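Source file my_file-v1.cif; content: mmCIF, C-alpha atoms.
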data_start
loop_
_atom_site.label_atom_id
_atom_site.label_comp_id
_atom_site.auth_asym_id
_atom_site.auth_seq_id
_atom_site.Cartn_x
_atom_site.Cartn_y
_atom_site.Cartn_z
CA MET D 15 0.00 0.00 0.00
CA LYS D 16 1.33 3.42 -0.99
CA ARG D 17 1.74 6.16 1.57
CA ILE D 18 1.37 9.68 0.18
CA LYS D 19 1.28 13.11 1.76
CA THR D 20 -0.17 16.53 1.14
CA PRO D 21 0.49 18.90 -0.54
CA LEU D 22 0.40 16.37 -3.37
CA SER D 23 3.49 16.29 -5.55
CA GLU D 24 3.28 15.71 -9.27
CA LYS D 25 5.49 12.65 -8.91
CA ASP D 26 3.14 11.06 -6.38
CA ILE D 27 0.06 11.86 -8.45
CA LEU D 28 1.51 10.43 -11.65
CA GLY D 29 2.48 7.26 -9.79
CA LEU D 30 -1.15 6.47 -8.92
CA LYS D 31 -3.44 4.23 -10.89
CA ALA D 32 -7.22 3.84 -10.58
CA GLY D 33 -7.84 1.03 -8.11
CA ASP D 34 -4.67 1.62 -6.08
CA GLU D 35 -5.07 1.64 -2.32
CA VAL D 36 -3.25 4.50 -0.60
CA LEU D 37 -2.80 5.92 2.88
CA LEU D 38 -3.11 9.70 2.89
CA ASN D 39 -1.17 11.85 5.34
CA GLY D 40 -1.10 15.57 6.04
CA GLU D 41 -3.62 18.38 5.84
CA ILE D 42 -6.83 18.28 3.83
CA TYR D 43 -9.79 20.68 3.64
CA THR D 44 -13.44 19.73 4.03
CA GLY D 45 -15.86 21.31 1.59
CA ARG D 46 -19.24 20.35 0.20
CA ASP D 47 -22.19 21.88 -1.67
CA GLN D 48 -22.56 25.39 -0.27
CA ALA D 49 -18.82 25.86 0.26
CA HIS D 50 -18.21 24.95 -3.40
CA LYS D 51 -20.78 27.47 -4.52
CA ARG D 52 -18.75 30.13 -2.70
CA MET D 53 -15.28 28.81 -3.54
CA VAL D 54 -15.71 29.16 -7.28
CA LYS D 55 -15.77 32.91 -6.58
CA LYS D 56 -13.07 33.14 -3.92
CA ILE D 57 -11.08 30.37 -2.24
CA PRO D 58 -10.40 31.00 1.45
CA PHE D 59 -7.22 28.85 1.65
CA ASN D 60 -4.18 28.06 -0.47
CA ILE D 61 -5.56 25.67 -3.04
CA LYS D 62 -2.25 24.96 -4.80
CA GLN D 63 -1.60 21.18 -4.58
CA ALA D 64 -4.37 20.94 -1.96
CA VAL D 65 -6.85 18.13 -1.30
CA ILE D 66 -10.56 18.77 -0.70
CA TYR D 67 -12.59 16.22 1.24
CA TYR D 68 -16.32 16.21 0.45
CA CYS D 69 -17.49 15.95 4.02
CA GLY D 70 -19.82 17.62 6.48
CA PRO D 71 -19.02 16.09 9.88
CA THR D 72 -21.34 15.74 12.84
CA LYS D 73 -20.63 17.92 15.86
CA THR D 74 -17.56 17.02 17.85
CA PRO D 75 -18.41 15.08 21.02
CA ARG D 76 -16.58 16.19 24.15
CA GLY D 77 -13.12 14.65 24.41
CA LYS D 78 -12.95 13.79 20.71
CA ILE D 79 -11.08 15.44 17.83
CA ILE D 80 -13.99 15.20 15.43
CA GLY D 81 -17.35 13.47 15.16
CA SER D 82 -18.48 11.08 12.47
CA CYS D 83 -16.90 12.29 9.21
CA GLY D 84 -17.43 10.08 6.17
CA PRO D 85 -17.56 11.21 2.54
CA THR D 86 -20.64 12.66 0.84
CA THR D 87 -21.74 12.06 -2.78
CA SER D 88 -19.08 13.62 -5.01
CA SER D 89 -21.20 14.09 -8.12
CA ARG D 90 -23.04 17.01 -6.51
CA MET D 91 -19.76 18.94 -6.66
CA ASP D 92 -19.13 18.12 -10.34
CA ALA D 93 -20.33 21.46 -11.69
CA PHE D 94 -17.79 23.35 -9.55
CA THR D 95 -14.82 21.02 -9.79
CA PRO D 96 -13.16 21.96 -13.12
CA ALA D 97 -12.87 25.61 -11.98
CA LEU D 98 -11.11 24.54 -8.77
CA LEU D 99 -8.76 22.19 -10.63
CA LYS D 100 -7.85 25.09 -12.90
CA LYS D 101 -6.85 27.08 -9.83
CA GLY D 102 -4.48 24.37 -8.61
CA LEU D 103 -6.56 21.83 -6.66
CA LYS D 104 -4.85 18.45 -7.01
CA GLY D 105 -6.87 15.97 -5.00
CA MET D 106 -10.46 15.24 -4.08
CA VAL D 107 -11.85 12.69 -1.66
CA GLY D 108 -15.47 11.55 -1.81
CA LYS D 109 -17.76 8.72 -2.79
CA GLY D 110 -19.30 7.60 -6.04
CA SER D 111 -18.86 8.46 -9.70
CA ARG D 112 -17.92 11.76 -11.39
CA SER D 113 -19.08 13.39 -14.61
CA LYS D 114 -17.23 13.12 -17.91
CA GLU D 115 -16.24 16.80 -17.60
CA VAL D 116 -14.65 16.22 -14.22
CA ARG D 117 -12.80 13.17 -15.50
CA GLN D 118 -11.43 15.17 -18.41
CA ALA D 119 -10.43 18.04 -16.12
CA ILE D 120 -8.65 15.62 -13.77
CA LYS D 121 -6.64 14.40 -16.76
CA LYS D 122 -5.99 17.90 -18.08
CA TYR D 123 -4.72 19.29 -14.77
CA LYS D 124 -3.01 16.05 -13.65
CA ALA D 125 -5.02 15.61 -10.48
CA VAL D 126 -6.52 12.63 -8.66
CA TYR D 127 -9.90 11.63 -7.24
CA PHE D 128 -9.96 9.30 -4.24
CA LEU D 129 -12.74 7.23 -2.70
CA ALA D 130 -13.06 7.04 1.06
CA TYR D 131 -14.96 4.22 2.80
CA ALA D 132 -18.52 5.36 2.27
CA GLY D 133 -20.94 5.30 5.17
CA CYS D 134 -18.08 4.72 7.61
CA GLY D 135 -17.92 8.09 9.33
CA ALA D 136 -17.22 6.73 12.81
CA LEU D 137 -14.32 4.63 11.52
CA ILE D 138 -12.85 7.50 9.48
CA SER D 139 -12.88 9.80 12.53
CA LYS D 140 -10.11 7.61 13.96
CA TYR D 141 -7.69 8.77 11.25
CA VAL D 142 -8.24 12.47 11.97
CA LYS D 143 -5.62 13.87 14.32
CA ARG D 144 -6.60 17.53 14.27
CA ALA D 145 -9.56 19.59 13.07
CA LYS D 146 -9.60 23.36 12.77
CA PRO D 147 -12.28 25.63 11.29
CA VAL D 148 -10.99 27.69 8.37
CA ALA D 149 -13.90 29.52 6.77
CA TYR D 150 -17.66 29.88 6.32
CA ALA D 151 -18.56 29.22 9.96
CA ASP D 152 -22.11 30.39 9.11
CA LEU D 153 -22.54 27.22 7.04
CA GLY D 154 -22.45 25.04 10.17
CA PRO D 155 -21.64 21.47 9.13
CA GLU D 156 -20.86 22.73 5.63
CA ALA D 157 -18.10 25.07 6.84
CA ILE D 158 -14.53 24.47 5.70
CA TYR D 159 -12.32 22.64 8.19
CA LYS D 160 -8.64 21.88 7.93
CA LEU D 161 -8.10 18.27 8.99
CA LYS D 162 -4.81 16.62 9.73
CA VAL D 163 -5.07 12.97 8.77
CA LYS D 164 -2.78 10.06 9.44
CA ASP D 165 -2.80 7.02 7.16
CA LEU D 166 -6.35 7.69 5.98
CA PRO D 167 -7.20 4.64 3.81
CA LEU D 168 -8.36 5.62 0.33
CA ILE D 169 -8.79 4.04 -3.08
CA VAL D 170 -7.87 5.88 -6.29
CA GLY D 171 -11.16 6.45 -8.12
CA ILE D 172 -9.86 8.46 -11.09
CA ASP D 173 -6.16 8.83 -11.84
CA ALA D 174 -4.24 11.58 -13.66
CA LYS D 175 -4.61 9.73 -16.95
CA GLY D 176 -8.40 9.93 -16.59
CA ARG D 177 -8.84 6.22 -15.90
CA SER D 178 -11.78 5.46 -13.60
CA ILE D 179 -12.32 2.56 -11.24
CA TYR D 180 -15.98 2.49 -12.31
CA ALA D 181 -15.40 2.45 -16.06
CA MET P 16 -58.12 4.90 28.64
CA LYS P 17 -54.41 5.22 29.07
CA ILE P 18 -52.78 8.55 29.78
CA ILE P 19 -49.35 9.35 28.36
CA LYS P 20 -47.64 12.60 29.16
CA ALA P 21 -46.10 14.68 26.38
CA GLU P 22 -42.86 14.88 28.41
CA LYS P 23 -42.61 11.10 28.31
CA ILE P 24 -42.97 11.14 24.51
CA THR P 25 -40.23 13.76 24.23
CA LYS P 26 -37.88 11.62 26.28
CA VAL P 27 -38.63 8.46 24.32
CA VAL P 28 -38.15 10.21 20.96
CA ALA P 29 -34.82 11.67 22.13
CA ASP P 30 -33.62 8.20 23.18
CA LEU P 31 -34.76 6.69 19.88
CA CYS P 32 -32.83 9.34 17.91
CA VAL P 33 -29.62 8.43 19.74
CA LYS P 34 -30.19 4.69 19.45
CA ALA P 35 -31.12 4.77 15.76
CA ASN P 36 -28.10 6.88 14.84
CA CYS P 37 -25.49 5.01 16.89
CA VAL P 38 -26.63 1.38 16.94
CA LEU P 39 -27.02 -0.33 13.60
CA ARG P 40 -30.19 -2.42 13.26
CA GLN P 41 -29.50 -6.04 14.16
CA ASP P 42 -31.11 -7.40 10.99
CA ILE P 43 -28.85 -5.17 8.87
CA LEU P 44 -25.70 -6.07 10.80
CA ARG P 45 -26.48 -9.78 10.55
CA LYS P 46 -26.93 -9.55 6.79
CA LEU P 47 -23.73 -7.52 6.40
CA LYS P 48 -21.79 -10.17 8.30
CA ALA P 49 -23.24 -12.90 6.09
CA ALA P 50 -22.32 -10.84 3.02
CA TYR P 51 -18.77 -10.43 4.34
CA ARG P 52 -18.41 -14.20 4.67
CA GLN P 53 -19.71 -14.77 1.13
CA GLU P 54 -17.80 -12.05 -0.69
CA LYS P 55 -14.88 -13.25 -2.81
CA ASN P 56 -13.85 -9.94 -4.42
CA SER P 57 -11.06 -8.70 -2.14
CA ARG P 58 -11.79 -4.97 -2.49
CA ALA P 59 -15.50 -5.51 -1.89
CA LYS P 60 -14.73 -7.71 1.11
CA LYS P 61 -12.49 -5.02 2.56
CA ALA P 62 -15.26 -2.43 2.12
CA LEU P 63 -17.75 -4.72 3.90
CA GLY P 64 -15.19 -5.23 6.68
CA ALA P 65 -14.91 -1.44 7.08
CA ILE P 66 -18.70 -1.11 7.27
CA ILE P 67 -18.92 -3.74 10.02
CA GLU P 68 -16.01 -2.21 11.93
CA ASN P 69 -17.65 1.21 11.59
CA ALA P 70 -20.83 -0.12 13.22
CA ARG P 71 -18.78 -1.54 16.10
CA ILE P 72 -16.95 1.76 16.72
CA ALA P 73 -20.16 3.79 16.45
CA GLN P 74 -21.94 1.68 19.06
CA LYS P 75 -18.96 1.49 21.42
CA GLU P 76 -18.08 5.18 21.30
CA LYS P 77 -21.61 6.55 20.85
CA LEU P 78 -20.65 8.12 17.54
CA ALA P 79 -23.07 8.50 14.66
CA ILE P 80 -22.83 5.53 12.26
CA CYS P 81 -22.84 8.08 9.44
CA GLN P 82 -22.20 11.83 9.56
CA ASP P 83 -25.43 12.24 7.62
CA THR P 84 -27.73 11.80 10.57
CA GLY P 85 -30.55 12.34 8.16
CA LEU P 86 -33.93 13.91 7.95
CA PRO P 87 -35.83 12.31 10.83
CA ILE P 88 -38.84 10.35 9.63
CA VAL P 89 -41.16 9.52 12.52
CA PHE P 90 -43.87 6.85 12.38
CA ILE P 91 -46.48 7.07 15.09
CA THR P 92 -49.08 4.39 15.68
CA LEU P 93 -51.53 5.75 18.19
CA GLY P 94 -54.13 3.58 19.89
CA GLN P 95 -57.46 5.42 19.98
CA ASN P 96 -57.81 4.74 23.70
CA VAL P 97 -54.66 6.69 24.52
CA LYS P 98 -55.03 10.18 25.88
CA ILE P 99 -52.03 12.43 25.53
CA THR P 100 -51.65 15.28 27.97
CA GLY P 101 -49.93 18.08 26.08
CA GLU P 102 -49.25 18.32 22.37
CA LEU P 103 -48.07 15.20 20.50
CA LYS P 104 -46.46 16.94 17.52
CA LYS P 105 -44.61 19.46 19.64
CA ALA P 106 -43.45 16.69 21.98
CA VAL P 107 -41.99 14.71 19.08
CA LEU P 108 -40.19 17.71 17.54
CA LYS P 109 -38.77 18.63 20.93
CA GLY P 110 -37.57 15.06 21.41
CA ILE P 111 -35.78 15.15 18.08
CA GLU P 112 -34.04 18.40 18.93
CA LEU P 113 -33.00 17.04 22.33
CA GLY P 114 -31.82 13.68 21.01
CA TYR P 115 -29.85 15.17 18.14
CA LYS P 116 -28.21 17.68 20.48
CA LYS P 117 -27.35 14.98 22.97
CA GLY P 118 -25.85 12.76 20.30
CA ASN P 119 -23.82 15.63 18.79
CA PHE P 120 -25.49 14.76 15.50
CA ARG P 121 -25.37 16.94 12.44
CA GLU P 122 -27.75 19.81 11.87
CA SER P 123 -28.91 18.68 8.46
CA VAL P 124 -32.39 20.19 8.29
CA ILE P 125 -33.09 23.55 6.73
CA VAL P 126 -36.39 25.20 7.52
CA ASP P 127 -37.09 26.66 4.08
CA PRO P 128 -36.18 24.41 1.13
CA LEU P 129 -35.88 27.32 -1.31
CA ALA P 130 -34.33 30.03 0.81
CA ARG P 131 -32.02 27.33 2.30
CA GLY P 132 -30.15 29.23 5.04
CA LYS P 133 -28.81 27.89 8.30
CA SER P 134 -29.18 24.19 9.02
CA THR P 135 -30.93 23.16 12.22
CA TYR P 136 -32.34 20.28 14.26
CA ARG P 137 -35.84 21.55 13.64
CA GLY P 138 -38.14 19.57 11.44
CA ALA P 139 -39.16 16.00 10.86
CA VAL P 140 -41.56 14.15 8.61
CA MET P 141 -44.29 12.64 10.76
CA HIS P 142 -46.71 9.89 9.77
CA THR P 143 -49.48 9.17 12.24
CA ASP P 144 -51.80 6.19 12.10
CA ILE P 145 -54.68 5.75 14.51
CA VAL P 146 -55.54 2.19 15.46
CA LYS P 147 -57.58 0.37 18.09
CA GLY P 148 -56.15 -0.27 21.53
CA ASP P 149 -54.27 1.69 24.17
CA LYS P 150 -50.68 1.62 22.99
CA LEU P 151 -48.47 4.23 21.41
CA LYS P 152 -45.72 3.01 19.10
CA ILE P 153 -43.03 5.43 17.97
CA THR P 154 -40.42 4.69 15.31
CA VAL P 155 -37.62 7.08 14.37
CA MET P 156 -35.87 6.58 11.04
CA PRO P 157 -33.04 9.05 10.35
CA LYS P 158 -32.92 8.97 6.55
CA GLY P 159 -29.70 10.03 4.85
CA PHE P 160 -30.09 12.02 1.66
CA GLY P 161 -27.27 10.50 -0.37
CA CYS P 162 -29.65 7.61 -0.95
CA GLU P 163 -32.92 9.54 -0.59
CA ASN P 164 -31.78 11.55 -3.64
CA LYS P 165 -31.96 8.35 -5.70
CA SER P 166 -35.68 7.76 -5.06
CA GLN P 167 -37.82 7.15 -8.11
CA PHE P 168 -41.51 7.18 -8.81
CA LYS P 169 -43.68 6.20 -11.74
CA MET P 170 -47.36 5.91 -12.55
CA PHE P 171 -47.66 2.74 -14.63
CA ASN P 172 -50.62 1.83 -16.77
CA PRO P 173 -52.87 -0.65 -14.96
CA THR P 174 -52.14 -3.14 -17.73
CA ALA P 175 -48.41 -3.14 -16.94
CA GLY P 176 -47.06 -6.53 -15.95
CA PRO P 177 -44.68 -7.53 -13.17
CA GLU P 178 -41.74 -7.63 -15.62
CA GLU P 179 -42.16 -3.92 -16.46
CA ILE P 180 -42.30 -3.05 -12.79
CA LYS P 181 -39.24 -5.15 -12.05
CA LYS P 182 -37.32 -3.41 -14.82
CA PHE P 183 -38.17 0.00 -13.35
CA ILE P 184 -37.00 -1.05 -9.88
CA ILE P 185 -33.78 -2.60 -11.19
CA ASN P 186 -33.06 0.54 -13.20
CA ALA P 187 -33.55 2.72 -10.14
CA VAL P 188 -30.80 0.73 -8.42
CA LYS P 189 -28.64 0.75 -11.54
CA SER P 190 -28.82 4.53 -11.80
CA SER P 191 -27.88 4.86 -8.12
CA GLY P 192 -24.64 3.11 -9.06
CA ALA P 193 -21.88 3.66 -6.56
CA ASP P 194 -23.20 7.03 -5.35
CA ALA P 195 -25.64 6.13 -2.60
CA CYS P 196 -23.52 3.80 -0.43
CA PRO P 197 -24.20 0.27 -1.64
CA PRO P 198 -24.95 -2.47 -0.65
CA TYR P 199 -28.49 -1.09 -0.71
CA ILE P 200 -31.75 -2.00 0.91
CA VAL P 201 -34.48 -1.32 -1.63
CA GLY P 202 -37.87 -0.23 -0.35
CA VAL P 203 -40.75 -0.40 -2.82
CA GLY P 204 -44.31 0.88 -2.51
CA ILE P 205 -46.86 -0.43 -4.99
CA GLY P 206 -50.42 0.91 -5.08
CA GLY P 207 -52.31 3.65 -3.32
CA SER P 208 -51.98 7.14 -4.81
CA ALA P 209 -48.85 9.00 -5.95
CA ASP P 210 -48.09 10.36 -2.48
CA TYR P 211 -49.06 7.15 -0.68
CA ALA P 212 -46.80 4.93 -2.80
CA GLY P 213 -43.82 7.01 -1.61
CA PHE P 214 -44.93 6.50 1.97
CA LEU P 215 -45.31 2.75 1.41
CA ALA P 216 -41.76 2.53 0.05
CA LYS P 217 -40.50 4.03 3.33
CA VAL P 218 -42.64 1.67 5.40
CA ALA P 219 -41.13 -1.22 3.42
CA LEU P 220 -37.70 -0.19 4.73
CA LEU P 221 -38.92 -0.74 8.30
CA LYS P 222 -39.51 -4.44 7.68
CA ASN P 223 -37.01 -6.98 8.98
CA ILE P 224 -34.72 -7.75 6.05
CA ASN P 225 -34.10 -11.31 7.21
CA ALA P 226 -37.77 -12.22 7.43
CA LYS P 227 -39.33 -14.40 4.75
CA ARG P 228 -39.55 -12.53 1.47
CA SER P 229 -42.03 -13.01 -1.38
CA ARG P 230 -41.01 -14.56 -4.66
CA PHE P 231 -41.26 -11.13 -6.31
CA GLU P 232 -38.84 -9.71 -3.74
CA ARG P 233 -36.38 -12.58 -4.12
CA ASP P 234 -36.48 -12.37 -7.93
CA LEU P 235 -35.61 -8.69 -7.65
CA GLU P 236 -32.78 -9.39 -5.20
CA ARG P 237 -31.24 -11.85 -7.65
CA ALA P 238 -31.60 -9.49 -10.63
CA ILE P 239 -30.10 -6.57 -8.67
CA GLY P 240 -27.24 -8.84 -7.60
CA ARG P 241 -26.44 -9.37 -11.26
CA LEU P 242 -25.79 -5.62 -11.65
CA SER P 243 -22.51 -6.32 -9.79
CA ILE P 244 -22.30 -2.80 -8.37
CA GLY P 245 -21.05 -4.25 -5.09
CA PRO P 246 -20.03 -2.57 -1.83
CA MET P 247 -18.88 1.02 -2.50
CA GLY P 248 -19.43 0.29 -6.19
CA LEU P 249 -16.23 -1.75 -6.31
CA GLY P 250 -17.89 -4.81 -7.82
CA GLY P 251 -18.58 -8.13 -6.18
CA LYS P 252 -21.60 -10.16 -5.25
CA VAL P 253 -23.46 -7.99 -2.81
CA THR P 254 -25.24 -5.06 -4.46
CA CYS P 255 -28.35 -5.20 -2.32
CA LEU P 256 -28.96 -6.69 1.10
CA ALA P 257 -32.69 -7.02 0.52
CA VAL P 258 -35.72 -5.82 -1.41
CA ARG P 259 -38.84 -5.19 0.64
CA ILE P 260 -42.22 -4.34 -0.82
CA GLU P 261 -45.43 -2.87 0.58
CA ARG P 262 -48.64 -3.16 -1.41
CA PHE P 263 -51.92 -1.28 -1.07
CA PRO P 264 -55.25 -1.09 -2.94
CA THR P 265 -55.22 1.30 -5.87
CA HIS P 266 -57.49 2.62 -8.65
CA ILE P 267 -58.55 0.59 -11.73
CA ALA P 268 -56.92 3.21 -13.96
CA GLY P 269 -53.47 3.23 -12.42
CA LEU P 270 -50.53 1.47 -10.83
CA PRO P 271 -48.23 3.74 -8.80
CA VAL P 272 -44.76 2.41 -8.01
CA ALA P 273 -42.27 4.19 -5.75
CA VAL P 274 -38.70 3.10 -5.05
CA ASN P 275 -36.93 4.35 -1.94
CA ILE P 276 -33.28 3.37 -1.81
CA SER P 277 -31.47 3.02 1.49
CA CYS P 278 -27.72 2.98 1.94
CA HIS P 279 -26.20 0.09 3.91
CA ALA P 280 -26.64 2.19 7.06
CA LEU P 281 -30.41 1.74 7.24
CA ARG P 282 -31.24 3.18 10.61
CA SER P 283 -34.41 2.99 12.66
CA ALA P 284 -35.44 2.39 16.26
CA SER P 285 -38.86 1.79 17.81
CA ARG P 286 -40.52 1.76 21.16
CA THR P 287 -44.02 0.97 22.31
CA LEU P 288 -45.56 2.71 25.32
#
Rewrite the coordinates I just gave you, this time as structure tokens.
Amino acid sequence: MKRIKTPLSEKDILGLKAGDEVLLNGEIYTGRDQAHKRMVKKIPFNIKQAVIYYCGPTKTPRGKIIGSCGPTTSSRMDAFTPALLKKGLKGMVGKGSRSKEVRQAIKKYKAVYFLAYAGCGALISKYVKRAKPVAYADLGPEAIYKLKVKDLPLIVGIDAKGRSIYA
Amino acid sequence: MKIIKAEKITKVVADLCVKANCVLRQDILRKLKAAYRQEKNSRAKKALGAIIENARIAQKEKLAICQDTGLPIVFITLGQNVKITGELKKAVLKGIELGYKKGNFRESVIVDPLARGKSTYRGAVMHTDIVKGDKLKITVMPKGFGCENKSQFKMFNPTAGPEEIKKFIINAVKSSGADACPPYIVGVGIGGSADYAGFLAKVALLKNINAKRSRFERDLERAIGRLSIGPMGLGGKVTCLAVRIERFPTHIAGLPVAVNISCHALRSASRTL
């Protein structure tokens, strides 16, 4: 199993193939529907080589780093994704399939789309070592958080050559 | 005449919200474990293993099974000899707010669907049935919207045969693909009116998935299995854990069919007072 870290390097990205299992390390940003709607206008963090995790966690129980935090359906973000890839986004983590446009944009900008274990939010919370709000606090669960993850298990869904695990 | 206080209902609803969100239904867990034993595809088996481990962690640490703690759907079966002191609806809504707060669940409900705005714990879909007797049964089903978004509905001609209906149901699952957290539980409502068929499809999801299924249900389970979507959409044998169907009388001119897909984390909890 490959271990990779953020910010994602071109070498790491090009070494990934759809279907590969990887362990992700470093900082990633949560962002889902409403945050994407805003981000296409202005991105509130450095998006160069960054990874966005399509996730809206539950509230954090006392004594824990984060609550349940599994992936949400990626295809709802499809309309916004090419614009973010153009600005330097290199990785996305979510669940399910992506549109043809997103697949082409992933290929064009040499990025990667990962799948996280879907419907396993309690399990995934164990891989989060730090969570810090970054922007859009008014969006509640849809706000952007910076998460530090350690060995988060993922599967490459779409690689930089545009190959998809679902195709 | 039995008297039940509104405060009692609030407390029970709050407890049911926590239980439903943190403890996976036993019938679902049992089926997942059987699926894990059967699965040969290594990636699919790993995904099923993660799902089972997730349920264990959620129960042990009182964490939500899924971060999408859903839109609460509440089924109330009220015996006509029960007298409630206070307001039933208010008591239920208050219980949901309390339970969701206590469980640190996600505020996933927005008050106005068009204006959107801030998400809250306020709001639930409530179905109330009045029956004979002096018992009050409450069921809370937190329904995630990744799968709810894949619901489908169609008014068939009354001359449509079972094969046409099967095709529609199979296609609903096919178009859900990997998006809605397979392996799925497929709830189907056949009959009634347009609105009622949707309700029946939800009620179908409350049935025990290990109980004896009809031939129609088993045929559908086999056909859906052949789609080979598999856990997380990674292929393999287990695309659906079960198909459950509810039927109801309908009009001579029509045949409503509603499909309500559930992700593998089908959550509900009940209590009878």
Practice item. Would you kindly return, as a PyMOL selection string, each protein, DNA or RNA residue with an atom no farther than 7 Å from any atom of segment 153-168 of chain D, considering all atoms listed in the file and excluding same-chain residues fewer than 2 positions away? Key: (chain D and resi 35-46+48-49+70-72+128-130+141-151+170) or (chain P and resi 121-122+133-134)
**Study point:** atom CA of Leu98 of chain D to atom CA of Val54 of chain D, straight-line distance in Å
**Key:** 6.7 Å
Practice item. Would you translate the PyMOL selection byres ((chain D) within 7 of (chain P)) into the concrete set of residues it matches in this file, as a PyMOL selection string? Key: chain D and resi 70-75+81-84+87+109-111+131-137+153-155
Check your understanding: Using all atoms listed in the file, which residue out of P:Glu178, P:Asp30, P:Ala257, P:Lys165 lies closest to Asp42 of chain P?
Key -> P:Ala257
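Between atom CA of Thr254 of chain P and atom CA of Ser89 of chain D lies a distance of 19.9 Å.
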Practice item. For each of D:Lys104, D:Lys78, D:Lys56, D:Lys51, take the minimum atom-to-atom distance to Ile172 of chain D, counting only C-alpha atoms, then give the residue where this is smallest. Key: D:Lys104
Expansion of the PyMOL selection byres ((chain P and resi 237) around 12) into residues, as a short mmCIF file (atom, residue, chain, number, x, y, z; two decimals) with C-alpha atoms, keeping the file's coordinate frame:
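The result, stored in out_32.cif:
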data_model
loop_
_atom_site.label_atom_id
_atom_site.label_comp_id
_atom_site.auth_asym_id
_atom_site.auth_seq_id
_atom_site.Cartn_x
_atom_site.Cartn_y
_atom_site.Cartn_z
CA LYS P 181 -39.24 -5.15 -12.05
CA ILE P 185 -33.78 -2.60 -11.19
CA ARG P 230 -41.01 -14.56 -4.66
CA PHE P 231 -41.26 -11.13 -6.31
CA GLU P 232 -38.84 -9.71 -3.74
CA ARG P 233 -36.38 -12.58 -4.12
CA ASP P 234 -36.48 -12.37 -7.93
CA LEU P 235 -35.61 -8.69 -7.65
CA GLU P 236 -32.78 -9.39 -5.20
CA ALA P 238 -31.60 -9.49 -10.63
CA ILE P 239 -30.10 -6.57 -8.67
CA GLY P 240 -27.24 -8.84 -7.60
CA ARG P 241 -26.44 -9.37 -11.26
CA LEU P 242 -25.79 -5.62 -11.65
CA SER P 243 -22.51 -6.32 -9.79
CA LYS P 252 -21.60 -10.16 -5.25
CA VAL P 253 -23.46 -7.99 -2.81
CA THR P 254 -25.24 -5.06 -4.46
CA CYS P 255 -28.35 -5.20 -2.32
CA LEU P 256 -28.96 -6.69 1.10
CA ALA P 257 -32.69 -7.02 0.52
CA VAL P 258 -35.72 -5.82 -1.41
#
Point to revise | Residues within 12 Å of Tyr211 of chain P, only C-alpha atoms, excluding chain neighbours under 3 positions, as a ChimeraX atom specification | key: /P:142,168,203-208,214-218,261-265,270-274
Can I get the selected residues back with C-alpha atoms, as a PDB file, in the coordinates of the input?
ATOM      1  CA  HIS P 142     -46.710   9.890   9.770  1.00  0.00           C
ATOM      2  CA  PHE P 168     -41.510   7.180  -8.810  1.00  0.00           C
ATOM      3  CA  VAL P 203     -40.750  -0.400  -2.820  1.00  0.00           C
ATOM      4  CA  GLY P 204     -44.310   0.880  -2.510  1.00  0.00           C
ATOM      5  CA  ILE P 205     -46.860  -0.430  -4.990  1.00  0.00           C
ATOM      6  CA  GLY P 206     -50.420   0.910  -5.080  1.00  0.00           C
ATOM      7  CA  GLY P 207     -52.310   3.650  -3.320  1.00  0.00           C
ATOM      8  CA  SER P 208     -51.980   7.140  -4.810  1.00  0.00           C
ATOM      9  CA  PHE P 214     -44.930   6.500   1.970  1.00  0.00           C
ATOM     10  CA  LEU P 215     -45.310   2.750   1.410  1.00  0.00           C
ATOM     11  CA  ALA P 216     -41.760   2.530   0.050  1.00  0.00           C
ATOM     12  CA  LYS P 217     -40.500   4.030   3.330  1.00  0.00           C
ATOM     13  CA  VAL P 218     -42.640   1.670   5.400  1.00  0.00           C
ATOM     14  CA  GLU P 261     -45.430  -2.870   0.580  1.00  0.00           C
ATOM     15  CA  ARG P 262     -48.640  -3.160  -1.410  1.00  0.00           C
ATOM     16  CA  PHE P 263     -51.920  -1.280  -1.070  1.00  0.00           C
ATOM     17  CA  PRO P 264     -55.250  -1.090  -2.940  1.00  0.00           C
ATOM     18  CA  THR P 265     -55.220   1.300  -5.870  1.00  0.00           C
ATOM     19  CA  LEU P 270     -50.530   1.470 -10.830  1.00  0.00           C
ATOM     20  CA  PRO P 271     -48.230   3.740  -8.800  1.00  0.00           C
ATOM     21  CA  VAL P 272     -44.760   2.410  -8.010  1.00  0.00           C
ATOM     22  CA  ALA P 273     -42.270   4.190  -5.750  1.00  0.00           C
ATOM     23  CA  VAL P 274     -38.700   3.100  -5.050  1.00  0.00           C
TER      24      VAL P 274
END
Exercise for review: Please write the residues picked by the PyMOL selection byres ((chain P and resi 149) around 12) on this file as a VMD selection string.
Suggested key: chain P and resid 16 to 19 92 to 99 145 to 148 150 to 152 287 to 288
Review point. What does the distance from atom CA of Arg112 of chain D to atom CA of Gly251 of chain P come to in Å, to one decimal?
Key: 20.6 Å
Check your understanding: Which residues come within 10 Å of Ser178 of chain D, counting only C-alpha atoms, excluding same-chain residues fewer than 3 positions away, as a ChimeraX atom specification?
Key -> /D:31-33,111-112,117,127,170-175,181
Exercise for review: Check the smallest atom-to-atom distance from each of P:Ala187, P:Ile276, P:Ile111, P:Val201 to Asn36 of chain P using all atoms listed in the file, then report the winner.
Suggested key: P:Ile111
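For the choices D:Leu103, D:Ala97, D:Ile79, D:Ile179, the atom-to-atom distance to Pro21 of chain D is smallest for D:Leu103 when using only C-alpha atoms.
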Check your understanding: Taking into account only C-alpha atoms, which residue in the set D:Ala125, D:Ile80, D:Ile57, D:Leu30 is nearest to Ile18 of chain D?
Key -> D:Leu30
